[in-house]
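Here is entry.cif, consisting of mmCIF, C-alpha atoms:
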data_target
#
loop_
_atom_site.label_atom_id
_atom_site.label_comp_id
_atom_site.auth_asym_id
_atom_site.auth_seq_id
_atom_site.Cartn_x
_atom_site.Cartn_y
_atom_site.Cartn_z
CA MET Q 425 0.00 0.00 0.00
CA ALA Q 426 1.33 3.42 -0.92
CA PRO Q 427 1.68 6.11 1.75
CA ILE Q 428 -1.51 8.08 2.41
CA THR Q 429 -2.43 11.49 3.76
CA ASN Q 430 -2.76 11.60 7.55
CA GLY Q 431 -5.02 14.56 8.37
CA ARG Q 432 -4.38 16.35 11.67
CA LEU Q 433 -5.97 19.16 13.68
CA LEU Q 434 -3.16 21.34 15.02
CA PHE Q 435 -3.05 23.91 17.80
CA ASN Q 436 -1.92 27.08 16.07
CA GLU Q 437 -2.36 30.05 18.41
CA VAL Q 438 -3.79 31.06 21.79
CA PRO Q 439 -7.27 32.50 21.28
CA THR Q 440 -8.65 35.69 22.74
CA GLY Q 441 -12.20 34.77 23.60
CA TYR Q 442 -13.69 31.95 21.57
CA PRO Q 443 -11.35 29.62 19.60
CA VAL Q 444 -11.48 30.49 15.91
CA PRO Q 445 -11.41 27.62 13.38
CA GLY Q 446 -8.55 28.16 10.93
CA LYS Q 447 -6.67 30.37 13.41
CA THR Q 448 -6.72 28.77 16.85
CA THR Q 449 -6.84 25.34 15.27
CA VAL Q 450 -5.70 24.49 11.76
CA TYR Q 451 -6.46 21.36 9.77
CA ASP Q 452 -3.25 20.02 8.21
CA ALA Q 453 -3.36 17.66 5.23
CA THR Q 454 0.37 17.72 4.45
CA ASN Q 455 1.41 14.83 6.69
CA ILE Q 456 1.97 11.45 5.04
CA ILE Q 457 1.99 8.02 6.69
CA ASP Q 458 2.96 4.57 5.40
CA LEU Q 459 0.56 2.27 7.25
CA GLU Q 460 2.49 -0.90 6.45
CA ASN Q 461 6.02 0.29 7.09
CA GLU Q 462 5.84 3.15 9.62
CA PRO Q 463 8.28 2.23 12.44
CA LEU Q 464 6.42 1.38 15.65
CA ASN Q 465 9.43 0.92 17.95
CA GLY Q 466 7.50 -1.41 20.23
CA GLY Q 467 4.30 0.62 20.01
CA ILE Q 468 1.00 0.42 18.15
CA LEU Q 469 -0.54 2.08 15.10
CA VAL Q 470 -4.10 3.27 15.73
CA LYS Q 471 -6.79 4.34 13.28
CA THR Q 472 -8.87 7.02 14.96
CA LEU Q 473 -12.62 6.41 14.77
CA VAL Q 474 -14.23 8.94 17.12
CA LEU Q 475 -12.99 11.83 19.25
CA SER Q 476 -14.69 13.58 22.13
CA VAL Q 477 -15.12 17.36 22.15
CA ASP Q 478 -15.37 18.62 25.73
CA PRO Q 479 -15.58 22.11 27.23
CA TYR Q 480 -12.29 21.81 29.11
CA LEU Q 481 -10.31 21.70 25.85
CA ARG Q 482 -10.57 25.50 25.81
CA GLY Q 483 -8.47 25.66 28.98
CA MET Q 484 -5.67 23.77 27.24
CA MET Q 485 -5.47 26.38 24.48
CA ARG Q 486 -3.06 28.57 26.41
CA ALA Q 487 0.58 29.63 26.50
CA PRO Q 488 3.02 27.06 27.94
CA GLU Q 489 3.86 29.27 30.93
CA SER Q 490 0.22 29.54 31.99
CA LYS Q 491 -0.46 27.00 34.73
CA SER Q 492 -3.60 24.94 35.21
CA TYR Q 493 -4.72 21.46 36.28
CA THR Q 494 -4.27 20.17 32.73
CA PRO Q 495 -1.19 20.61 30.53
CA PRO Q 496 -1.43 23.06 27.61
CA PHE Q 497 -1.59 22.00 24.00
CA LEU Q 498 1.71 22.41 22.14
CA PHE Q 499 1.95 24.80 19.22
CA ASN Q 500 1.97 23.10 15.79
CA GLU Q 501 1.13 19.77 17.37
CA PRO Q 502 -2.20 17.89 17.22
CA LEU Q 503 -4.81 18.46 19.87
CA TYR Q 504 -5.66 15.41 21.92
CA ASN Q 505 -8.55 14.12 23.99
CA PHE Q 506 -10.52 11.00 24.75
CA GLY Q 507 -11.25 8.89 21.71
CA VAL Q 508 -11.80 5.42 20.35
CA GLY Q 509 -9.56 3.88 17.73
CA LYS Q 510 -8.79 0.57 16.08
CA VAL Q 511 -5.35 -1.02 16.30
CA ILE Q 512 -3.96 -1.54 12.79
CA ARG Q 513 -0.53 -2.93 13.75
CA SER Q 514 1.05 -3.75 17.08
CA GLU Q 515 4.48 -4.51 18.50
CA ASN Q 516 3.10 -4.27 22.04
CA PRO Q 517 1.89 -7.57 23.57
CA VAL Q 518 -0.92 -5.80 25.42
CA PHE Q 519 -2.61 -4.85 22.14
CA GLN Q 520 -3.49 -6.93 19.11
CA ALA Q 521 -4.35 -5.83 15.58
CA GLY Q 522 -8.11 -5.45 15.45
CA ASP Q 523 -8.49 -4.35 19.07
CA HIS Q 524 -10.56 -1.27 19.76
CA VAL Q 525 -8.97 1.04 22.30
CA TYR Q 526 -10.28 3.89 24.42
CA GLY Q 527 -8.24 6.66 25.97
CA ILE Q 528 -6.23 9.72 25.01
CA LEU Q 529 -5.71 9.98 21.25
CA ASP Q 530 -4.25 12.72 19.09
CA PHE Q 531 -6.55 14.59 16.73
CA GLU Q 532 -5.16 12.84 13.67
CA GLU Q 533 -6.48 10.10 11.44
CA TYR Q 534 -3.69 7.67 12.31
CA SER Q 535 -1.32 7.84 15.25
CA ILE Q 536 1.39 5.98 17.10
CA PRO Q 537 0.58 6.88 20.72
CA LYS Q 538 3.62 7.88 22.75
CA ASP Q 539 2.08 6.63 26.00
CA THR Q 540 -0.02 3.49 25.61
CA SER Q 541 -0.65 3.40 29.37
CA LYS Q 542 -3.40 5.94 28.65
CA LEU Q 543 -5.18 3.44 26.40
CA GLU Q 544 -7.21 0.37 27.26
CA VAL Q 545 -8.81 -2.30 25.13
CA ILE Q 546 -12.57 -1.94 25.01
CA VAL Q 547 -14.35 -5.11 26.01
CA ARG Q 548 -17.89 -4.24 25.02
CA PRO Q 549 -20.28 -5.67 27.62
CA GLU Q 550 -23.09 -4.31 25.47
CA PRO Q 551 -22.28 -4.84 21.77
CA SER Q 552 -25.38 -2.89 20.72
CA LEU Q 553 -23.81 0.36 21.92
CA PRO Q 554 -21.88 2.23 19.20
CA TYR Q 555 -18.27 3.08 19.96
CA SER Q 556 -19.17 6.78 20.08
CA VAL Q 557 -21.00 6.18 23.37
CA TYR Q 558 -17.67 5.22 24.94
CA VAL Q 559 -16.50 8.84 24.70
CA GLY Q 560 -19.82 10.13 26.02
CA ALA Q 561 -22.34 8.57 28.36
CA ALA Q 562 -20.22 5.41 28.78
CA GLY Q 563 -16.95 7.37 28.88
CA MET Q 564 -15.43 10.30 30.72
CA PRO Q 565 -18.57 12.49 30.82
CA GLY Q 566 -20.65 9.61 32.18
CA GLN Q 567 -17.92 8.81 34.68
CA THR Q 568 -17.94 12.43 35.83
CA SER Q 569 -21.68 12.15 36.47
CA TYR Q 570 -21.48 8.82 38.26
CA TYR Q 571 -18.37 9.47 40.34
CA GLY Q 572 -19.55 12.89 41.49
CA TRP Q 573 -23.02 11.65 42.37
CA LYS Q 574 -21.70 8.66 44.29
CA GLU Q 575 -18.93 10.53 46.08
CA TYR Q 576 -20.51 13.85 46.99
CA ALA Q 577 -24.30 13.91 46.51
CA LYS Q 578 -25.21 11.84 49.58
CA ALA Q 579 -28.67 11.86 48.08
CA LYS Q 580 -31.81 10.79 49.92
CA ALA Q 581 -35.19 10.01 48.38
CA GLY Q 582 -37.51 13.00 48.56
CA GLU Q 583 -34.75 15.61 48.38
CA VAL Q 584 -34.59 18.23 45.63
CA VAL Q 585 -31.62 18.65 43.28
CA PHE Q 586 -30.93 21.53 40.89
CA ILE Q 587 -28.81 20.58 37.85
CA SER Q 588 -27.38 23.18 35.48
CA THR Q 589 -26.41 22.27 31.90
CA ALA Q 590 -28.82 19.41 32.49
CA ALA Q 591 -29.14 18.32 28.85
CA GLY Q 592 -25.38 17.91 28.43
CA PRO Q 593 -23.52 14.60 28.57
CA VAL Q 594 -22.73 15.03 32.28
CA GLY Q 595 -25.92 16.71 33.45
CA SER Q 596 -28.28 14.35 31.64
CA ILE Q 597 -26.81 11.30 33.36
CA VAL Q 598 -27.04 13.10 36.71
CA VAL Q 599 -30.72 13.80 36.04
CA GLN Q 600 -31.30 10.08 35.53
CA LEU Q 601 -29.21 9.03 38.53
CA ALA Q 602 -31.14 11.46 40.70
CA LYS Q 603 -34.54 10.21 39.52
CA GLN Q 604 -33.36 6.64 40.09
CA ASP Q 605 -32.63 7.62 43.70
CA GLY Q 606 -36.04 9.18 44.18
CA LEU Q 607 -35.22 12.89 44.08
CA LYS Q 608 -37.17 15.78 42.62
CA VAL Q 609 -35.09 17.23 39.76
CA ILE Q 610 -35.03 20.86 38.66
CA ALA Q 611 -33.10 21.11 35.37
CA SER Q 612 -31.67 24.20 33.70
CA THR Q 613 -30.52 24.23 30.08
CA GLY Q 614 -30.00 26.59 27.16
CA SER Q 615 -32.68 25.87 24.53
CA ASP Q 616 -36.28 24.76 24.26
CA GLU Q 617 -35.14 21.61 22.44
CA LYS Q 618 -32.90 20.74 25.37
CA VAL Q 619 -35.71 21.48 27.83
CA LYS Q 620 -37.79 18.88 26.00
CA PHE Q 621 -34.99 16.32 26.32
CA CYS Q 622 -34.64 17.02 30.06
CA LYS Q 623 -38.33 16.30 30.53
CA GLU Q 624 -38.04 13.12 28.46
CA ILE Q 625 -35.33 11.77 30.78
CA GLY Q 626 -37.36 12.49 33.89
CA ALA Q 627 -36.74 16.04 35.11
CA ASP Q 628 -39.68 17.23 37.18
CA VAL Q 629 -39.07 20.87 36.29
CA ALA Q 630 -37.02 21.95 33.26
CA PHE Q 631 -36.49 25.47 31.95
CA ASN Q 632 -34.48 27.48 29.43
CA TYR Q 633 -32.30 29.82 31.46
CA LYS Q 634 -31.94 32.13 28.44
CA THR Q 635 -35.66 32.91 28.42
CA THR Q 636 -36.63 32.20 32.03
CA ASN Q 637 -35.07 33.86 35.05
CA THR Q 638 -33.45 31.23 37.24
CA ALA Q 639 -34.38 33.19 40.35
CA ASP Q 640 -38.03 32.96 39.37
CA VAL Q 641 -37.72 29.18 39.28
CA LEU Q 642 -35.70 28.75 42.44
CA ALA Q 643 -37.34 31.68 44.27
CA ARG Q 644 -33.93 33.17 45.07
CA GLU Q 645 -30.30 32.72 44.04
CA ALA Q 646 -29.37 29.04 44.15
CA ILE Q 647 -27.19 29.25 47.23
CA ALA Q 648 -29.72 31.42 49.07
CA ASN Q 649 -32.37 28.81 48.28
CA THR Q 650 -30.44 25.82 49.55
CA THR Q 651 -31.53 23.92 52.60
CA PRO Q 652 -29.24 23.46 55.61
CA LYS Q 653 -26.35 21.10 54.89
CA ALA Q 654 -27.03 21.07 51.14
CA ARG Q 655 -24.31 19.75 48.83
CA ILE Q 656 -22.96 21.60 45.77
CA ILE Q 657 -20.84 19.74 43.20
CA ILE Q 658 -18.84 21.70 40.62
CA CYS Q 659 -17.35 19.86 37.63
CA GLY Q 660 -16.84 22.73 35.17
CA PHE Q 661 -17.40 26.42 34.48
CA ILE Q 662 -17.75 26.89 30.74
CA SER Q 663 -19.33 30.32 31.27
CA GLN Q 664 -15.82 31.57 32.12
CA TYR Q 665 -13.68 29.61 29.64
CA ASN Q 666 -13.65 32.21 26.87
CA GLY Q 667 -12.62 35.44 28.56
CA GLU Q 668 -15.92 36.27 30.22
CA GLU Q 669 -15.91 38.28 33.42
CA ASP Q 670 -15.48 36.24 36.60
CA ARG Q 671 -18.24 37.65 38.77
CA GLY Q 672 -17.59 35.31 41.68
CA ILE Q 673 -20.17 34.24 44.24
CA LYS Q 674 -21.94 37.18 45.80
CA ASN Q 675 -23.83 35.29 48.45
CA MET Q 676 -21.10 33.28 50.13
CA LYS Q 677 -22.66 34.05 53.52
CA TYR Q 678 -25.15 31.27 52.87
CA VAL Q 679 -22.34 28.74 52.83
CA LEU Q 680 -21.90 29.62 56.49
CA PHE Q 681 -25.55 30.18 57.37
CA ASN Q 682 -26.74 26.93 55.79
CA GLN Q 683 -23.60 24.86 56.50
CA LEU Q 684 -23.17 24.06 52.83
CA SER Q 685 -20.63 21.66 51.35
CA ILE Q 686 -19.04 22.71 48.04
CA ASN Q 687 -16.91 20.14 46.23
CA GLY Q 688 -14.85 20.48 43.08
CA LEU Q 689 -14.86 17.29 41.04
CA HIS Q 690 -11.92 15.94 39.02
CA VAL Q 691 -12.98 12.68 37.43
CA ASN Q 692 -9.49 11.15 37.41
CA ALA Q 693 -9.26 11.38 41.20
CA HIS Q 694 -12.04 8.80 41.59
CA HIS Q 695 -11.23 6.16 38.98
CA ASP Q 696 -9.79 3.67 41.47
CA ARG Q 697 -12.93 3.71 43.58
CA TYR Q 698 -15.72 3.81 41.01
CA LYS Q 699 -14.44 2.82 37.55
CA HIS Q 700 -15.21 -0.90 37.75
CA GLU Q 701 -18.63 -0.23 39.26
CA PHE Q 702 -19.38 2.32 36.54
CA TYR Q 703 -18.62 -0.08 33.68
CA GLN Q 704 -20.60 -2.87 35.33
CA LEU Q 705 -23.69 -0.67 35.62
CA ILE Q 706 -23.94 2.25 33.19
CA PRO Q 707 -23.39 0.57 29.77
CA LYS Q 708 -26.15 -1.92 30.60
CA LYS Q 709 -28.56 0.88 31.48
CA LEU Q 710 -27.70 2.71 28.26
CA ALA Q 711 -28.05 -0.38 26.09
CA SER Q 712 -31.41 -1.33 27.63
CA GLY Q 713 -32.79 2.18 27.21
CA GLU Q 714 -33.27 2.64 30.95
CA PHE Q 715 -30.81 5.55 30.69
CA LYS Q 716 -31.10 7.73 27.61
CA TYR Q 717 -28.38 9.65 25.78
CA THR Q 718 -28.10 11.87 22.71
CA GLU Q 719 -25.22 12.67 20.38
CA ASP Q 720 -24.35 15.57 18.08
CA ILE Q 721 -21.93 14.16 15.52
CA THR Q 722 -19.58 16.21 13.35
CA ARG Q 723 -18.29 14.14 10.43
CA GLY Q 724 -14.67 14.65 9.43
CA LEU Q 725 -11.61 15.80 11.35
CA GLU Q 726 -11.33 18.79 9.01
CA LYS Q 727 -14.43 20.17 10.75
CA GLY Q 728 -12.98 19.67 14.20
CA GLY Q 729 -12.37 23.37 14.79
CA GLU Q 730 -16.03 24.13 14.14
CA ALA Q 731 -17.07 21.32 16.50
CA ILE Q 732 -14.94 22.80 19.29
CA LEU Q 733 -16.41 26.26 18.74
CA GLU Q 734 -19.97 24.90 18.82
CA VAL Q 735 -19.37 23.39 22.26
CA GLN Q 736 -17.83 26.59 23.61
CA LYS Q 737 -20.81 28.62 22.37
CA GLY Q 738 -23.31 26.03 23.58
CA VAL Q 739 -24.97 25.61 20.19
CA ASN Q 740 -24.32 21.87 20.06
CA THR Q 741 -27.54 19.94 20.53
CA ALA Q 742 -26.10 17.01 22.51
CA LYS Q 743 -22.80 15.34 23.37
CA LYS Q 744 -20.43 16.58 20.62
CA ILE Q 745 -18.45 13.87 18.88
CA ILE Q 746 -16.14 14.03 15.87
CA LEU Q 747 -16.58 11.00 13.66
CA VAL Q 748 -13.14 10.72 12.11
CA ALA Q 749 -13.60 7.45 10.25
CA ASP Q 750 -15.80 4.39 9.98
CA GLU Q 751 -14.43 0.96 10.73
#
Can you present the structure in this file as structure tokens?
Amino acid sequence: MAPITNGRLLFNEVPTGYPVPGKTTVYDATNIIDLENEPLNGGILVKTLVLSVDPYLRGMMRAPESKSYTPPFLFNEPLYNFGVGKVIRSENPVFQAGDHVYGILDFEEYSIPKDTSKLEVIVRPEPSLPYSVYVGAAGMPGQTSYYGWKEYAKAKAGEVVFISTAAGPVGSIVVQLAKQDGLKVIASTGSDEKVKFCKEIGADVAFNYKTTNTADVLAREAIANTTPKARIIICGFISQYNGEEDRGIKNMKYVLFNQLSINGLHVNAHHDRYKHEFYQLIPKKLASGEFKYTEDITRGLEKGGEAILEVQKGVNTAKKIILVADE
């Protein structure tokens, strides 16, 4: 087989505000790969099938000297995130040609991962689920929902939970976990279409925060409306990822008055405790239809920049996935 083009989505420059396709990220079609003869040096050659687009990618589009909890993307190098790929060739005994792997993959059509410890072979307990689900409801976003709910919610039947971004890949699973545990769910989201989805998955009250004042729904600001010893779980803050003003919390006194618990959630910190349990439970619920999920698929890596921008602006209709290639 003759060498072929290996398309890549490169990090080109630090954005001011929203990432701009063609400037912040650039699709590169100049790279060539020889699939049969590319040296593996003990590694594996992976064909990328699907890639996840998540809000936190914006925080990695920064200068190298800017510190955060995730490393920055490198200039003129491919972006990377959770994905699913198929092993084409292998010199690593852990992986065999034909295996499907999940983990951190570069935004390129074919890659030789530098660190295979960040990849694992997918053993599909539910073959009816498409591989795209393993970067969404059955992947990191679903894990974020499950780990956070199990670790911090301390939920009791009859309680009330307020979930923001409730139609997203994290929030929608939390809605369903909460209903499973017998809670009343108030769901906030950013479009009437998403409000409809929240109701379909069981939210007792769902509203579009762009057209309905949140205070009118909750009676007062969320923290002011919490009950004593309420729990608040924070797993992201996309409203501040693109240069927006950080207004802070103006009613912190209620943390004291109501003895609130506020927890920041990093999904990786809880893998050891909940990962096995998650994979035993959640894929089965998704495959059976007990838990519902939706996907917003962008076809082609060359449109990856647009997919990232859609997520940052909140115009995606569901979990955003880049379909790089079919089997």
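Of the listed residues Q:Ile610, Q:Ile512, Q:Cys659, Q:Ile625, the one whose atoms come nearest to Ser569 in chain Q is Q:Cys659, with distances taken using only C-alpha atoms.
Nearest to Tyr526 in chain Q of all the residues Q:Lys510, Q:Lys634, Q:Lys608, Q:His695 is Q:Lys510, based on only C-alpha atoms.
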Residues matched by the PyMOL selection byres ((chain Q and resi 445) around 10), written as a ChimeraX atom specification: /Q:436,442-444,446-451,726-733
Result set, the PyMOL selection byres ((chain Q and resi 720) around 6) on current file, as a compact mmCIF listing (two decimals) with C-alpha atoms, keeping the file's coordinate frame:
# COMPACT_ATOMS: atom_id res chain seq x y z
CA GLU Q 719 -25.22 12.67 20.38
CA ILE Q 721 -21.93 14.16 15.52
CA THR Q 741 -27.54 19.94 20.53
CA ALA Q 742 -26.10 17.01 22.51
CA LYS Q 743 -22.80 15.34 23.37
CA LYS Q 744 -20.43 16.58 20.62
Selection result for the PyMOL selection byres ((chain Q and resi 691) around 9) on this file, as JSON, numbers by chain: {"Q": [564, 565, 567, 568, 569, 571, 572, 659, 689, 690, 692, 693, 694, 695]}
Distance in Å - CA of Val545 in chain Q versus CA of Asp523 in chain Q: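 Between CA of Val545 in chain Q and CA of Asp523 in chain Q the gap works out to 6.4 Å.
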Non-local contacts of Pro463 in chain Q (12 Å; all atoms listed in the file; under 5 positions in same chain excluded) as a list in words: Ile457, Asp458, Ile468, Leu469, Arg513, Ser514, Glu515, Ser535 and Ile536 of chain Q
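For the pair CA of Asp750 in chain Q and CA of Leu464 in chain Q, the separation is 23.1 Å.
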Given all atoms listed in the file as the counted atoms, nearest of Q:Glu734, Q:Gln600, Q:Val594, Q:Thr636 to Gly614 in chain Q: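 Among the listed residues, the smallest separation from Gly614 in chain Q belongs to Q:Thr636.
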Counting only C-alpha atoms, the residue of Q:Pro537, Q:Gly626, Q:Gly566, Q:Gly688 that sits nearest Val511 in chain Q: Q:Pro537
Pick from Q:Val525, Q:Leu473, Q:Tyr570, Q:Lys603 nearest to Lys699 in chain Q, counting all atoms listed in the file: Q:Tyr570
Atomic distance CA of Gly595 in chain Q - CA of Lys491 in chain Q, expressed in Å with one decimal: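 For CA of Gly595 in chain Q relative to CA of Lys491 in chain Q, the distance reads 27.5 Å.
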Counting all atoms listed in the file, the option among Q:Phe661, Q:Ile428, Q:Lys574, Q:Glu437 closest to Glu462 in chain Q: Q:Ile428
Counting only C-alpha atoms, which residues of range 482-563 of chain Q sit at most 12 Å from some atom of range 710-714 of chain Q, and what is each one's closest atom pair with its distance in Å to one decimal, listed by chain and rising residue number, as a Markdown table?
| residue | atom | partner | partner_atom | distance |
| --- | --- | --- | --- | --- |
| Q:Arg548 | CA | Q:Ala711 | CA | 10.9 |
| Q:Pro549 | CA | Q:Ala711 | CA | 9.5 |
| Q:Glu550 | CA | Q:Ala711 | CA | 6.4 |
| Q:Pro551 | CA | Q:Ala711 | CA | 8.5 |
| Q:Ser552 | CA | Q:Ala711 | CA | 6.5 |
| Q:Leu553 | CA | Q:Ala711 | CA | 6.0 |
| Q:Pro554 | CA | Q:Ala711 | CA | 9.6 |
| Q:Val557 | CA | Q:Leu710 | CA | 9.0 |
| Q:Tyr558 | CA | Q:Leu710 | CA | 10.9 |
| Q:Gly560 | CA | Q:Leu710 | CA | 11.1 |
| Q:Ala561 | CA | Q:Leu710 | CA | 7.9 |
| Q:Ala562 | CA | Q:Leu710 | CA | 8.0 |
| Q:Gly563 | CA | Q:Leu710 | CA | 11.7 |
Which residues come within 9 Å of Leu601 in chain Q, counting all atoms listed in the file, excluding same-chain residues fewer than 2 positions away, as a short mmCIF file (atom, residue, chain, number, x, y, z; two decimals) with C-alpha atoms, keeping the file's coordinate frame?
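Okay, this is what ended up in selection-v8.cif:
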data_model
loop_
_atom_site.label_atom_id
_atom_site.label_comp_id
_atom_site.auth_asym_id
_atom_site.auth_seq_id
_atom_site.Cartn_x
_atom_site.Cartn_y
_atom_site.Cartn_z
CA SER Q 569 -21.68 12.15 36.47
CA TYR Q 570 -21.48 8.82 38.26
CA TRP Q 573 -23.02 11.65 42.37
CA SER Q 596 -28.28 14.35 31.64
CA ILE Q 597 -26.81 11.30 33.36
CA VAL Q 598 -27.04 13.10 36.71
CA VAL Q 599 -30.72 13.80 36.04
CA LYS Q 603 -34.54 10.21 39.52
CA GLN Q 604 -33.36 6.64 40.09
CA ASP Q 605 -32.63 7.62 43.70
CA GLY Q 606 -36.04 9.18 44.18
CA PHE Q 715 -30.81 5.55 30.69
#
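Omitting Ser541 in chain Q and its sequence neighbours fewer than 5 positions away, and counting only C-alpha atoms, the residues within 12 Å are Gly467, Ile468, Asn516, Val518, Phe519, Val525, Tyr526, Gly527, Ile528 and Leu529 of chain Q.
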Take the residues from that selection and put them in a file with C-alpha atoms, as a PDB file, in the frame of the given file.
ATOM      1  CA  GLY Q 467       4.300   0.620  20.010  1.00  0.00           C
ATOM      2  CA  ILE Q 468       1.000   0.420  18.150  1.00  0.00           C
ATOM      3  CA  ASN Q 516       3.100  -4.270  22.040  1.00  0.00           C
ATOM      4  CA  VAL Q 518      -0.920  -5.800  25.420  1.00  0.00           C
ATOM      5  CA  PHE Q 519      -2.610  -4.850  22.140  1.00  0.00           C
ATOM      6  CA  VAL Q 525      -8.970   1.040  22.300  1.00  0.00           C
ATOM      7  CA  TYR Q 526     -10.280   3.890  24.420  1.00  0.00           C
ATOM      8  CA  GLY Q 527      -8.240   6.660  25.970  1.00  0.00           C
ATOM      9  CA  ILE Q 528      -6.230   9.720  25.010  1.00  0.00           C
ATOM     10  CA  LEU Q 529      -5.710   9.980  21.250  1.00  0.00           C
TER      11      LEU Q 529
END
Spatial neighbours of Thr429 in chain Q, max dist 12 Å, all atoms listed in the file, sep filter under 3 positions, as a list in words: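 So the residues in contact are Ala426, Arg432, Asp452, Ala453, Thr454, Asn455, Ile456, Ile457, Asp458, Leu459, Glu532, Glu533 and Tyr534 of chain Q.
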From the structure just shown, export range 452-511 of chain Q with C-alpha atoms as a CSV table (one decimal), in the first residue's frame.
chain,number,residue,atom,x,y,z
Q,452,ASP,CA,-3.2,20.0,8.2
Q,453,ALA,CA,-3.4,17.7,5.2
Q,454,THR,CA,0.4,17.7,4.4
Q,455,ASN,CA,1.4,14.8,6.7
Q,456,ILE,CA,2.0,11.4,5.0
Q,457,ILE,CA,2.0,8.0,6.7
Q,458,ASP,CA,3.0,4.6,5.4
Q,459,LEU,CA,0.6,2.3,7.3
Q,460,GLU,CA,2.5,-0.9,6.4
Q,461,ASN,CA,6.0,0.3,7.1
Q,462,GLU,CA,5.8,3.2,9.6
Q,463,PRO,CA,8.3,2.2,12.4
Q,464,LEU,CA,6.4,1.4,15.7
Q,465,ASN,CA,9.4,0.9,18.0
Q,466,GLY,CA,7.5,-1.4,20.2
Q,467,GLY,CA,4.3,0.6,20.0
Q,468,ILE,CA,1.0,0.4,18.2
Q,469,LEU,CA,-0.5,2.1,15.1
Q,470,VAL,CA,-4.1,3.3,15.7
Q,471,LYS,CA,-6.8,4.3,13.3
Q,472,THR,CA,-8.9,7.0,15.0
Q,473,LEU,CA,-12.6,6.4,14.8
Q,474,VAL,CA,-14.2,8.9,17.1
Q,475,LEU,CA,-13.0,11.8,19.2
Q,476,SER,CA,-14.7,13.6,22.1
Q,477,VAL,CA,-15.1,17.4,22.2
Q,478,ASP,CA,-15.4,18.6,25.7
Q,479,PRO,CA,-15.6,22.1,27.2
Q,480,TYR,CA,-12.3,21.8,29.1
Q,481,LEU,CA,-10.3,21.7,25.8
Q,482,ARG,CA,-10.6,25.5,25.8
Q,483,GLY,CA,-8.5,25.7,29.0
Q,484,MET,CA,-5.7,23.8,27.2
Q,485,MET,CA,-5.5,26.4,24.5
Q,486,ARG,CA,-3.1,28.6,26.4
Q,487,ALA,CA,0.6,29.6,26.5
Q,488,PRO,CA,3.0,27.1,27.9
Q,489,GLU,CA,3.9,29.3,30.9
Q,490,SER,CA,0.2,29.5,32.0
Q,491,LYS,CA,-0.5,27.0,34.7
Q,492,SER,CA,-3.6,24.9,35.2
Q,493,TYR,CA,-4.7,21.5,36.3
Q,494,THR,CA,-4.3,20.2,32.7
Q,495,PRO,CA,-1.2,20.6,30.5
Q,496,PRO,CA,-1.4,23.1,27.6
Q,497,PHE,CA,-1.6,22.0,24.0
Q,498,LEU,CA,1.7,22.4,22.1
Q,499,PHE,CA,1.9,24.8,19.2
Q,500,ASN,CA,2.0,23.1,15.8
Q,501,GLU,CA,1.1,19.8,17.4
Q,502,PRO,CA,-2.2,17.9,17.2
Q,503,LEU,CA,-4.8,18.5,19.9
Q,504,TYR,CA,-5.7,15.4,21.9
Q,505,ASN,CA,-8.5,14.1,24.0
Q,506,PHE,CA,-10.5,11.0,24.7
Q,507,GLY,CA,-11.3,8.9,21.7
Q,508,VAL,CA,-11.8,5.4,20.4
Q,509,GLY,CA,-9.6,3.9,17.7
Q,510,LYS,CA,-8.8,0.6,16.1
Q,511,VAL,CA,-5.4,-1.0,16.3
